[in-house]
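Working notes, structure below.
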Amino acid sequence: MQTLVIGSTCVDIIIRVPFFPEQGQDVNTDGAKWSLGGTAFNVAKALQKEKSDFILCSPVGTGVYANFVEEELAKNKIPLFAKIKSQENGACWCLVNAKNEHAFICAHKAEYLFDEKFYKKINFKEVDTIYFCGLEMEEKTSEAEVDFMLRKKEEAQKEGRELKIFFDPSARILKIKKSLLKKIFKLNPILHLNQKEAFELTGLDSVPKAAEALCKITKNDVIMTTGKNGSYIFEKEKMAGKKIPGVKAKVVNTIGCGDAHLGVCVARLKKGKSLEDAVLAANKYAAKIAETEKASL
C-alpha cells in the first residue's frame, strides 16, 4: 500500500553566516550550497530509505530552480508528479548561524499549489496513508486540498478501508485560518509537530498537557519532537503519554530533521511497529540527519 506525500519539493539554498543580521548590519558568508529539499521531499526520502512505497505529490514549475528539482528527482529515482508550465518554481534560502540555528526566507510558487486533476492517475484503493504539511495551508489552493482529503477519507470509510492522515502543522501554524484548522482536525490526523508549535497551538506550556489537549482535539495519536530531549508521544487508545529518549548527535545542520523524523514514523507504523518503537527509530534517524549538511540522507 502506498503513502501519498503531498507538499513541496524545492531548492534549499543553504547559506552559513556567523550570526543572523539585524537591520543595517552586514554579514559575510563563504557562499551558498544548493540541495534538494522541501517538506514533502524530505519525508519521501525517509520513506525511500525505509523501503516504504510512496508517491511524491509535488508539482514542479519552470525556471532554473525547477530545472534543478527535476534533475535531482531523476538522480533520486523519484518520478516527476506534475508539471505547471504557467508558473516558476520558488526556492528556500536557509540561513544557518554559528550555533547551527536556522532561519528561512521562502518564495512559495508552483511547488506549493494543489490541483485535484493531478491525482486522477492515482488508484486510491492502493493508498492507505496521506501526509500533508501546514506550509501549503496558507496558499490559495489550501481549501481545495483539505476538501479533497476529506472526500477521500469518507470514500475509504464507505468502502471499509482505513485511510490514515499525518499532518505536520509547521512553524507557521498560527498563520493557518482557524476555520481551515477546524476542517483539518475533522480528518482526525496524527499530528507530528515540535514542542514550540504544540505550545503555540494549544496555549499551554507543558509538554504532557499540550500533547493530551491535541489528542482530544484530533481524536488521534500525537507525536511531539522535543529537541535534544527526544520526543513525546500521546496515544489515543491508552489516553496516556510517554517520553521517548533522544540520541546524541554532533549537530551540523537541523534543517529537515523534523521531516525525516516524520517519514520514519510513517514507515515504521506501516510495518506494524508500535508508536513507541517507530518514534525511537525516528529519533535515531533524525540524529543522523542533524550530522549532515543536507536535509536528507
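Ordering of the C-alpha cells sets the chain letters (A, B, ...); residue numbers start at 1 within each chain; ligands are numbered from 1 in the order shown.
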Contacts of segment 88-204 of chain A with segment 54-74 of chain A up to 9 Å, shortest pair per row, only C-alpha atoms, as JSON lines:
```
{"residue": "A:Glu88", "atom": "CA", "partner": "A:Thr62", "partner_atom": "CA", "distance": 4.3}
{"residue": "A:Asn89", "atom": "CA", "partner": "A:Gly61", "partner_atom": "CA", "distance": 4.7}
{"residue": "A:Gly90", "atom": "CA", "partner": "A:Tyr65", "partner_atom": "CA", "distance": 6.7}
{"residue": "A:Ala91", "atom": "CA", "partner": "A:Tyr65", "partner_atom": "CA", "distance": 6.8}
{"residue": "A:Lys109", "atom": "CA", "partner": "A:Gly61", "partner_atom": "CA", "distance": 7.9}
{"residue": "A:Ala110", "atom": "CA", "partner": "A:Gly61", "partner_atom": "CA", "distance": 5.1}
{"residue": "A:Glu111", "atom": "CA", "partner": "A:Pro59", "partner_atom": "CA", "distance": 5.1}
{"residue": "A:Tyr112", "atom": "CA", "partner": "A:Pro59", "partner_atom": "CA", "distance": 7.5}
{"residue": "A:Leu113", "atom": "CA", "partner": "A:Pro59", "partner_atom": "CA", "distance": 7.2}
{"residue": "A:Phe114", "atom": "CA", "partner": "A:Pro59", "partner_atom": "CA", "distance": 7.9}
{"residue": "A:Phe118", "atom": "CA", "partner": "A:Cys57", "partner_atom": "CA", "distance": 8.4}
{"residue": "A:Tyr119", "atom": "CA", "partner": "A:Cys57", "partner_atom": "CA", "distance": 8.4}
{"residue": "A:Val127", "atom": "CA", "partner": "A:Phe54", "partner_atom": "CA", "distance": 8.8}
```
For this session: For Ile233 of chain A, list every protein, DNA or RNA residue within 10 Å, evaluated using only C-alpha atoms, and leave out those in the same chain fewer than 6 positions away; present the list as a list in words.
Result: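 Using only C-alpha atoms, the neighbours found are His192, Val207, Pro208, Ala211, Glu212, Cys215, Asp221, Val222, Ile223, Met224, Thr225, Ala240, Gly241, Lys242, Lys243, Ile244, Leu275, Glu276 and Val279 of chain A.
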For this session: Give the helix (DSSP H, G or I) residues of segment 98-262 of chain A, as DSSP finds them on the backbone, and put them as a PyMOL selection string.
Result: chain A and resi 110-112+116-119+124-126+134-138+142-158+173-175+178-186+195-202+207-218+227-229+257-262
Problem set entry | Residue neighbourhood Ala40 of chain A, 12 Å, only C-alpha atoms, exclusion window fewer than 6 positions, as JSON, numbers by chain | {"A": [3, 4, 5, 6, 7, 8, 9, 10, 46, 47, 54, 55, 56, 57, 58, 59, 111, 112, 130, 131, 132, 133, 134, 135, 136, 166, 167, 168, 170, 256, 258, 259, 260, 262, 263, 295, 296]}
Problem set entry | Among the residues A:Cys94, A:Met137, A:Ala267, A:Cys257, the one that comes closest to Met1 of chain A [using only C-alpha atoms] | A:Ala267
Exercise. Suppose you want the space between atom CA of Ala281 of chain A and atom CA of His261 of chain A; what is it in Å?
Worked result: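 Computing the Euclidean distance for atom CA of Ala281 of chain A and atom CA of His261 of chain A yields 8.5 Å.
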Exercise. Any idea what the distance is between atom CA of Arg151 of chain A and atom CA of Leu214 of chain A?
Worked result: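 One can read the atom CA of Arg151 of chain A to atom CA of Leu214 of chain A distance as 23.1 Å.
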Problem set entry | Length of the atom CA of Asp147 of chain A to atom CA of Leu181 of chain A vector [Å] |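 Interatomic distance here is 11.9 Å.
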For this session: Determine, counting only C-alpha atoms, which protein, DNA and RNA residues have an atom within 12 Å of an atom of Lys248 of chain A; residues of the same chain fewer than 5 positions away are not included. Present the result as a PyMOL selection string.
Result: chain A and resi 227-230+283-291
Can you spit out the residues from that selection as an mmCIF file, in the first residue's frame, using N, CA, C and O atoms?
```
data_model
loop_
_atom_site.group_PDB
_atom_site.id
_atom_site.type_symbol
_atom_site.label_atom_id
_atom_site.label_comp_id
_atom_site.auth_asym_id
_atom_site.auth_seq_id
_atom_site.Cartn_x
_atom_site.Cartn_y
_atom_site.Cartn_z
ATOM 1 N N GLY A 227 13.462 18.385 20.683
ATOM 2 C CA GLY A 227 14.873 18.726 20.560
ATOM 3 C C GLY A 227 15.795 17.642 21.087
ATOM 4 O O GLY A 227 15.579 16.446 20.863
ATOM 5 N N LYS A 228 16.828 18.064 21.811
ATOM 6 C CA LYS A 228 17.817 17.101 22.324
ATOM 7 C C LYS A 228 17.223 16.118 23.327
ATOM 8 O O LYS A 228 17.821 15.077 23.621
ATOM 9 N N ASN A 229 16.026 16.443 23.853
ATOM 10 C CA ASN A 229 15.371 15.550 24.813
ATOM 11 C C ASN A 229 14.653 14.387 24.130
ATOM 12 O O ASN A 229 14.116 13.513 24.805
ATOM 13 N N GLY A 230 14.615 14.394 22.800
ATOM 14 C CA GLY A 230 13.973 13.298 22.080
ATOM 15 C C GLY A 230 12.576 13.655 21.619
ATOM 16 O O GLY A 230 12.374 14.648 20.928
ATOM 17 N N ASN A 283 13.873 8.978 16.057
ATOM 18 C CA ASN A 283 14.836 9.788 16.807
ATOM 19 C C ASN A 283 16.263 9.494 16.344
ATOM 20 O O ASN A 283 17.081 10.407 16.175
ATOM 21 N N LYS A 284 16.546 8.223 16.126
ATOM 22 C CA LYS A 284 17.893 7.822 15.692
ATOM 23 C C LYS A 284 18.181 8.343 14.286
ATOM 24 O O LYS A 284 19.275 8.836 14.004
ATOM 25 N N TYR A 285 17.196 8.254 13.411
ATOM 26 C CA TYR A 285 17.378 8.700 12.034
ATOM 27 C C TYR A 285 17.550 10.225 11.965
ATOM 28 O O TYR A 285 18.412 10.731 11.246
ATOM 29 N N ALA A 286 16.741 10.946 12.727
ATOM 30 C CA ALA A 286 16.827 12.410 12.736
ATOM 31 C C ALA A 286 18.193 12.872 13.251
ATOM 32 O O ALA A 286 18.728 13.893 12.794
ATOM 33 N N ALA A 287 18.759 12.126 14.199
ATOM 34 C CA ALA A 287 20.092 12.471 14.709
ATOM 35 C C ALA A 287 21.140 12.362 13.604
ATOM 36 O O ALA A 287 22.068 13.182 13.519
ATOM 37 N N LYS A 288 20.984 11.367 12.736
ATOM 38 C CA LYS A 288 21.907 11.223 11.600
ATOM 39 C C LYS A 288 21.770 12.394 10.628
ATOM 40 O O LYS A 288 22.755 12.888 10.083
ATOM 41 N N ILE A 289 20.538 12.829 10.402
ATOM 42 C CA ILE A 289 20.288 13.973 9.527
ATOM 43 C C ILE A 289 20.964 15.217 10.082
ATOM 44 O O ILE A 289 21.567 16.026 9.360
ATOM 45 N N ALA A 290 20.874 15.392 11.402
ATOM 46 C CA ALA A 290 21.459 16.575 12.052
ATOM 47 C C ALA A 290 22.977 16.636 11.897
ATOM 48 O O ALA A 290 23.577 17.700 12.016
ATOM 49 N N GLU A 291 23.589 15.501 11.625
ATOM 50 C CA GLU A 291 25.050 15.444 11.483
ATOM 51 C C GLU A 291 25.509 15.674 10.046
ATOM 52 O O GLU A 291 26.692 15.580 9.751
#
```
Exercise. Which residues, written as a VMD selection string, have at least one atom at most 9 Å from Asp30 of chain A, with only C-alpha atoms counted and residues fewer than 6 positions away on the same chain left out?
Worked result: chain A and resid 15 to 17
For this session: Give the strand (DSSP E) residues of segment 21-179 of chain A, as assigned by DSSP on the backbone, as a PyMOL selection string.
Result: chain A and resi 32-37+54-57+59-62+82-88+91-96+102-107+127-133+164-168
Please produce a file of those selected residues containing C-alpha atoms, as an mmCIF file, in the first residue's frame.
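Output file again_20.cif is given in full below:
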```cif
data_model
loop_
_atom_site.group_PDB
_atom_site.id
_atom_site.type_symbol
_atom_site.label_atom_id
_atom_site.label_comp_id
_atom_site.auth_asym_id
_atom_site.auth_seq_id
_atom_site.Cartn_x
_atom_site.Cartn_y
_atom_site.Cartn_z
ATOM 1 C CA ALA A 32 25.732 29.122 -0.840
ATOM 2 C CA LYS A 33 25.144 25.402 -1.337
ATOM 3 C CA TRP A 34 22.194 24.092 -3.298
ATOM 4 C CA SER A 35 20.454 20.883 -2.298
ATOM 5 C CA LEU A 36 17.057 19.342 -2.907
ATOM 6 C CA GLY A 37 14.666 19.892 -0.033
ATOM 7 C CA PHE A 54 5.131 6.200 -1.713
ATOM 8 C CA ILE A 55 4.137 8.731 -4.355
ATOM 9 C CA LEU A 56 5.731 12.164 -4.016
ATOM 10 C CA CYS A 57 2.895 14.532 -4.938
ATOM 11 C CA PRO A 59 4.162 19.807 -8.686
ATOM 12 C CA VAL A 60 7.138 21.380 -10.458
ATOM 13 C CA GLY A 61 7.067 24.714 -12.256
ATOM 14 C CA THR A 62 9.527 26.300 -14.645
ATOM 15 C CA ALA A 82 3.049 17.068 -12.268
ATOM 16 C CA LYS A 83 4.339 19.984 -14.329
ATOM 17 C CA ILE A 84 2.935 23.519 -14.063
ATOM 18 C CA LYS A 85 4.162 25.378 -17.126
ATOM 19 C CA SER A 86 2.417 28.626 -16.255
ATOM 20 C CA GLN A 87 4.440 29.432 -13.140
ATOM 21 C CA GLU A 88 8.040 29.354 -11.961
ATOM 22 C CA ALA A 91 13.174 28.346 -3.541
ATOM 23 C CA CYS A 92 14.068 28.405 0.147
ATOM 24 C CA TRP A 93 17.091 30.360 1.356
ATOM 25 C CA CYS A 94 18.233 28.727 4.599
ATOM 26 C CA LEU A 95 20.406 30.845 6.870
ATOM 27 C CA VAL A 96 22.418 28.780 9.365
ATOM 28 C CA HIS A 102 18.336 28.276 11.165
ATOM 29 C CA ALA A 103 16.050 30.880 9.654
ATOM 30 C CA PHE A 104 14.230 30.567 6.343
ATOM 31 C CA ILE A 105 13.446 33.023 3.563
ATOM 32 C CA CYS A 106 10.960 31.348 1.248
ATOM 33 C CA ALA A 107 9.415 32.078 -2.136
ATOM 34 C CA VAL A 127 -3.421 4.226 -0.837
ATOM 35 C CA ASP A 128 -3.648 3.778 2.924
ATOM 36 C CA THR A 129 -1.787 6.868 4.155
ATOM 37 C CA ILE A 130 -1.599 10.573 3.287
ATOM 38 C CA TYR A 131 0.915 13.106 4.591
ATOM 39 C CA PHE A 132 0.485 16.849 4.193
ATOM 40 C CA CYS A 133 2.068 19.971 5.654
ATOM 41 C CA LYS A 164 -4.538 7.382 7.852
ATOM 42 C CA ILE A 165 -3.684 11.072 7.670
ATOM 43 C CA PHE A 166 -0.455 12.564 9.024
ATOM 44 C CA PHE A 167 -0.339 16.337 9.425
ATOM 45 C CA ASP A 168 2.724 18.455 10.160
#
```
